[in-house]
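Asker: Here it is: the structure, laid out below.
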Amino acid sequence: MKSAQHNTREQSGFKVVCCECGSLSIKMTDLVNAPEDTKIECGRCKAVRGTLAELHVLARSGNDIFEF
Ligand SMILES: [Zn+2]
């Protein structure tokens, strides 16, 4: 059997853990008004972790990884 939820996470380009510094924190700057293609930066080293659209996909999958 295939896990649909697992596949969704695999397809997401958003890096939950920064590949540069290993931090979980992300920079949250005015995301309410930001367009979907806004780049989300690492809260620690500012490496690009993904886009706002990818973050929304991740949030919809039901995880409480980030606190808004
Ligand atoms: Zn980082």
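Lettering and numbering for the structure tokens are positional, with chains as A, B, ... in the shown order, residues counted from 1 in each chain, and ligands counted from 1 in the shown order.
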Give the residues close to ligand 1, within 8 Å, counting only C-alpha atoms and all ligand atoms; write them as a PyMOL selection string.
Answerer: chain A and resi 17-25+41-47
Asker: Can you spit out the residues from that selection as a compact mmCIF listing (two decimals), in the first residue's frame, using all heavy atoms?
Answerer:
```txt
# COMPACT_ATOMS: atom_id res chain seq x y z
N VAL A 17 14.22 20.98 7.46
CA VAL A 17 15.50 21.18 8.13
C VAL A 17 16.46 21.80 7.14
O VAL A 17 16.60 21.33 6.01
CB VAL A 17 16.07 19.84 8.65
CG1 VAL A 17 17.41 20.06 9.33
CG2 VAL A 17 15.09 19.17 9.59
N CYS A 18 17.12 22.86 7.55
CA CYS A 18 18.05 23.55 6.66
C CYS A 18 19.22 22.64 6.29
O CYS A 18 19.82 22.01 7.17
CB CYS A 18 18.57 24.81 7.35
SG CYS A 18 19.73 25.73 6.31
N CYS A 19 19.51 22.55 5.00
CA CYS A 19 20.60 21.68 4.57
C CYS A 19 21.96 22.36 4.79
O CYS A 19 23.00 21.74 4.67
CB CYS A 19 20.41 21.27 3.11
SG CYS A 19 20.34 22.63 1.95
N GLU A 20 21.92 23.64 5.09
CA GLU A 20 23.17 24.37 5.30
C GLU A 20 23.62 24.33 6.76
O GLU A 20 24.78 24.09 7.06
CB GLU A 20 23.01 25.84 4.88
CG GLU A 20 22.68 26.04 3.41
CD GLU A 20 23.83 25.63 2.50
OE1 GLU A 20 25.00 25.81 2.89
OE2 GLU A 20 23.55 25.12 1.40
N CYS A 21 22.68 24.58 7.68
CA CYS A 21 23.07 24.68 9.09
C CYS A 21 22.29 23.74 9.99
O CYS A 21 22.57 23.64 11.19
CB CYS A 21 22.90 26.13 9.59
SG CYS A 21 21.18 26.65 9.74
N GLY A 22 21.30 23.01 9.45
CA GLY A 22 20.55 22.03 10.24
C GLY A 22 19.49 22.64 11.14
O GLY A 22 18.89 21.94 11.95
N SER A 23 19.22 23.95 11.00
CA SER A 23 18.24 24.61 11.85
C SER A 23 16.81 24.35 11.37
O SER A 23 16.57 24.19 10.17
CB SER A 23 18.52 26.11 11.87
OG SER A 23 17.50 26.77 12.60
N LEU A 24 15.87 24.33 12.30
CA LEU A 24 14.46 24.18 11.96
C LEU A 24 13.78 25.54 11.77
O LEU A 24 12.70 25.63 11.20
CB LEU A 24 13.72 23.43 13.07
CG LEU A 24 13.78 21.90 13.04
CD1 LEU A 24 13.24 21.35 14.35
CD2 LEU A 24 12.98 21.34 11.88
N SER A 25 14.39 26.58 12.28
CA SER A 25 13.74 27.89 12.26
C SER A 25 13.76 28.50 10.86
O SER A 25 14.70 28.32 10.09
CB SER A 25 14.44 28.84 13.24
OG SER A 25 15.72 29.16 12.78
N GLU A 41 13.38 32.05 3.77
CA GLU A 41 14.79 31.91 4.13
C GLU A 41 14.95 31.25 5.50
O GLU A 41 14.08 31.36 6.37
CB GLU A 41 15.46 33.30 4.17
CG GLU A 41 15.53 33.96 2.82
CD GLU A 41 16.17 35.33 2.91
OE1 GLU A 41 16.28 35.88 4.02
OE2 GLU A 41 16.57 35.85 1.86
N CYS A 42 16.07 30.61 5.69
CA CYS A 42 16.43 30.02 6.96
C CYS A 42 16.57 31.13 8.00
O CYS A 42 17.14 32.18 7.73
CB CYS A 42 17.75 29.26 6.82
SG CYS A 42 18.35 28.60 8.37
N GLY A 43 16.02 30.90 9.19
CA GLY A 43 16.07 31.91 10.24
C GLY A 43 17.46 32.08 10.84
O GLY A 43 17.71 33.00 11.60
N ARG A 44 18.35 31.19 10.48
CA ARG A 44 19.69 31.20 11.07
C ARG A 44 20.76 31.64 10.08
O ARG A 44 21.51 32.56 10.34
CB ARG A 44 19.99 29.80 11.59
CG ARG A 44 21.11 29.75 12.59
CD ARG A 44 21.01 28.44 13.35
NE ARG A 44 22.29 27.98 13.81
CZ ARG A 44 22.52 26.74 14.25
NH1 ARG A 44 21.53 25.87 14.25
NH2 ARG A 44 23.69 26.39 14.67
N CYS A 45 20.79 30.98 8.92
CA CYS A 45 21.88 31.26 7.96
C CYS A 45 21.38 31.92 6.69
O CYS A 45 22.16 32.26 5.82
CB CYS A 45 22.63 29.98 7.63
SG CYS A 45 21.72 28.85 6.56
N LYS A 46 20.05 32.09 6.57
CA LYS A 46 19.42 32.78 5.44
C LYS A 46 19.52 32.02 4.11
O LYS A 46 19.32 32.59 3.05
CB LYS A 46 19.98 34.20 5.27
CG LYS A 46 19.81 35.04 6.52
CD LYS A 46 19.55 36.48 6.19
CE LYS A 46 19.12 37.30 7.38
NZ LYS A 46 19.87 37.01 8.60
N ALA A 47 19.80 30.75 4.16
CA ALA A 47 19.74 29.94 2.95
C ALA A 47 18.27 29.79 2.56
O ALA A 47 17.40 29.75 3.43
CB ALA A 47 20.35 28.56 3.20
```
Asker: Among stretch 7-64 of chain A, which ones does DSSP assign to helix (DSSP H, G or I) (computed from the backbone)? Answer as JSON, numbers by chain.
Answerer: {"A": [7, 8, 9, 10, 11, 52, 53, 54, 55, 56, 57, 58, 59, 60]}
Asker: Please produce a file of those selected residues containing N, CA, C and O atoms, as a PDB file, in the first residue's frame.
Answerer:
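See out-v9.pdb below for the written result:
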```
ATOM      1  N   ASN A   7       3.837  10.547   0.179  1.00  0.00           N
ATOM      2  CA  ASN A   7       4.142  11.021  -1.160  1.00  0.00           C
ATOM      3  C   ASN A   7       4.074  12.541  -1.250  1.00  0.00           C
ATOM      4  O   ASN A   7       4.884  13.166  -1.912  1.00  0.00           O
ATOM      5  N   THR A   8       3.096  13.133  -0.570  1.00  0.00           N
ATOM      6  CA  THR A   8       2.952  14.588  -0.578  1.00  0.00           C
ATOM      7  C   THR A   8       4.196  15.253  -0.004  1.00  0.00           C
ATOM      8  O   THR A   8       4.702  16.225  -0.534  1.00  0.00           O
ATOM      9  N   ARG A   9       4.684  14.690   1.074  1.00  0.00           N
ATOM     10  CA  ARG A   9       5.866  15.273   1.711  1.00  0.00           C
ATOM     11  C   ARG A   9       7.108  15.091   0.839  1.00  0.00           C
ATOM     12  O   ARG A   9       7.962  15.950   0.792  1.00  0.00           O
ATOM     13  N   GLU A  10       7.161  13.963   0.147  1.00  0.00           N
ATOM     14  CA  GLU A  10       8.296  13.708  -0.739  1.00  0.00           C
ATOM     15  C   GLU A  10       8.337  14.713  -1.880  1.00  0.00           C
ATOM     16  O   GLU A  10       9.388  15.144  -2.309  1.00  0.00           O
ATOM     17  N   GLN A  11       7.138  15.099  -2.371  1.00  0.00           N
ATOM     18  CA  GLN A  11       7.059  15.992  -3.518  1.00  0.00           C
ATOM     19  C   GLN A  11       7.294  17.453  -3.147  1.00  0.00           C
ATOM     20  O   GLN A  11       7.625  18.260  -3.990  1.00  0.00           O
ATOM     21  N   LEU A  52       6.823  30.031  -0.307  1.00  0.00           N
ATOM     22  CA  LEU A  52       5.647  30.111   0.562  1.00  0.00           C
ATOM     23  C   LEU A  52       4.599  29.078   0.143  1.00  0.00           C
ATOM     24  O   LEU A  52       3.950  28.466   0.984  1.00  0.00           O
ATOM     25  N   ALA A  53       4.460  28.854  -1.165  1.00  0.00           N
ATOM     26  CA  ALA A  53       3.513  27.855  -1.668  1.00  0.00           C
ATOM     27  C   ALA A  53       3.866  26.468  -1.150  1.00  0.00           C
ATOM     28  O   ALA A  53       2.995  25.696  -0.742  1.00  0.00           O
ATOM     29  N   GLU A  54       5.139  26.155  -1.148  1.00  0.00           N
ATOM     30  CA  GLU A  54       5.590  24.842  -0.666  1.00  0.00           C
ATOM     31  C   GLU A  54       5.362  24.703   0.833  1.00  0.00           C
ATOM     32  O   GLU A  54       5.040  23.627   1.335  1.00  0.00           O
ATOM     33  N   LEU A  55       5.524  25.815   1.537  1.00  0.00           N
ATOM     34  CA  LEU A  55       5.269  25.815   2.979  1.00  0.00           C
ATOM     35  C   LEU A  55       3.789  25.558   3.260  1.00  0.00           C
ATOM     36  O   LEU A  55       3.442  24.830   4.184  1.00  0.00           O
ATOM     37  N   HIS A  56       2.920  26.132   2.427  1.00  0.00           N
ATOM     38  CA  HIS A  56       1.481  25.923   2.595  1.00  0.00           C
ATOM     39  C   HIS A  56       1.102  24.463   2.353  1.00  0.00           C
ATOM     40  O   HIS A  56       0.259  23.907   3.052  1.00  0.00           O
ATOM     41  N   VAL A  57       1.732  23.843   1.364  1.00  0.00           N
ATOM     42  CA  VAL A  57       1.501  22.415   1.090  1.00  0.00           C
ATOM     43  C   VAL A  57       1.870  21.600   2.319  1.00  0.00           C
ATOM     44  O   VAL A  57       1.151  20.706   2.744  1.00  0.00           O
ATOM     45  N   LEU A  58       2.974  21.955   2.901  1.00  0.00           N
ATOM     46  CA  LEU A  58       3.460  21.263   4.095  1.00  0.00           C
ATOM     47  C   LEU A  58       2.491  21.448   5.261  1.00  0.00           C
ATOM     48  O   LEU A  58       2.168  20.507   5.979  1.00  0.00           O
ATOM     49  N   ALA A  59       1.996  22.666   5.416  1.00  0.00           N
ATOM     50  CA  ALA A  59       1.073  22.978   6.513  1.00  0.00           C
ATOM     51  C   ALA A  59      -0.243  22.229   6.352  1.00  0.00           C
ATOM     52  O   ALA A  59      -0.837  21.786   7.328  1.00  0.00           O
ATOM     53  N   ARG A  60      -0.694  22.087   5.105  1.00  0.00           N
ATOM     54  CA  ARG A  60      -1.954  21.402   4.834  1.00  0.00           C
ATOM     55  C   ARG A  60      -1.868  19.908   5.098  1.00  0.00           C
ATOM     56  O   ARG A  60      -2.882  19.248   5.286  1.00  0.00           O
TER      57      ARG A  60
END
```
Asker: One decimal, in Å: what's the spacing between atom CA of A:Asp37 and atom CA of A:Val16?
Answerer: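 Answer for the atom CA of A:Asp37 to atom CA of A:Val16 separation: 17.0 Å.
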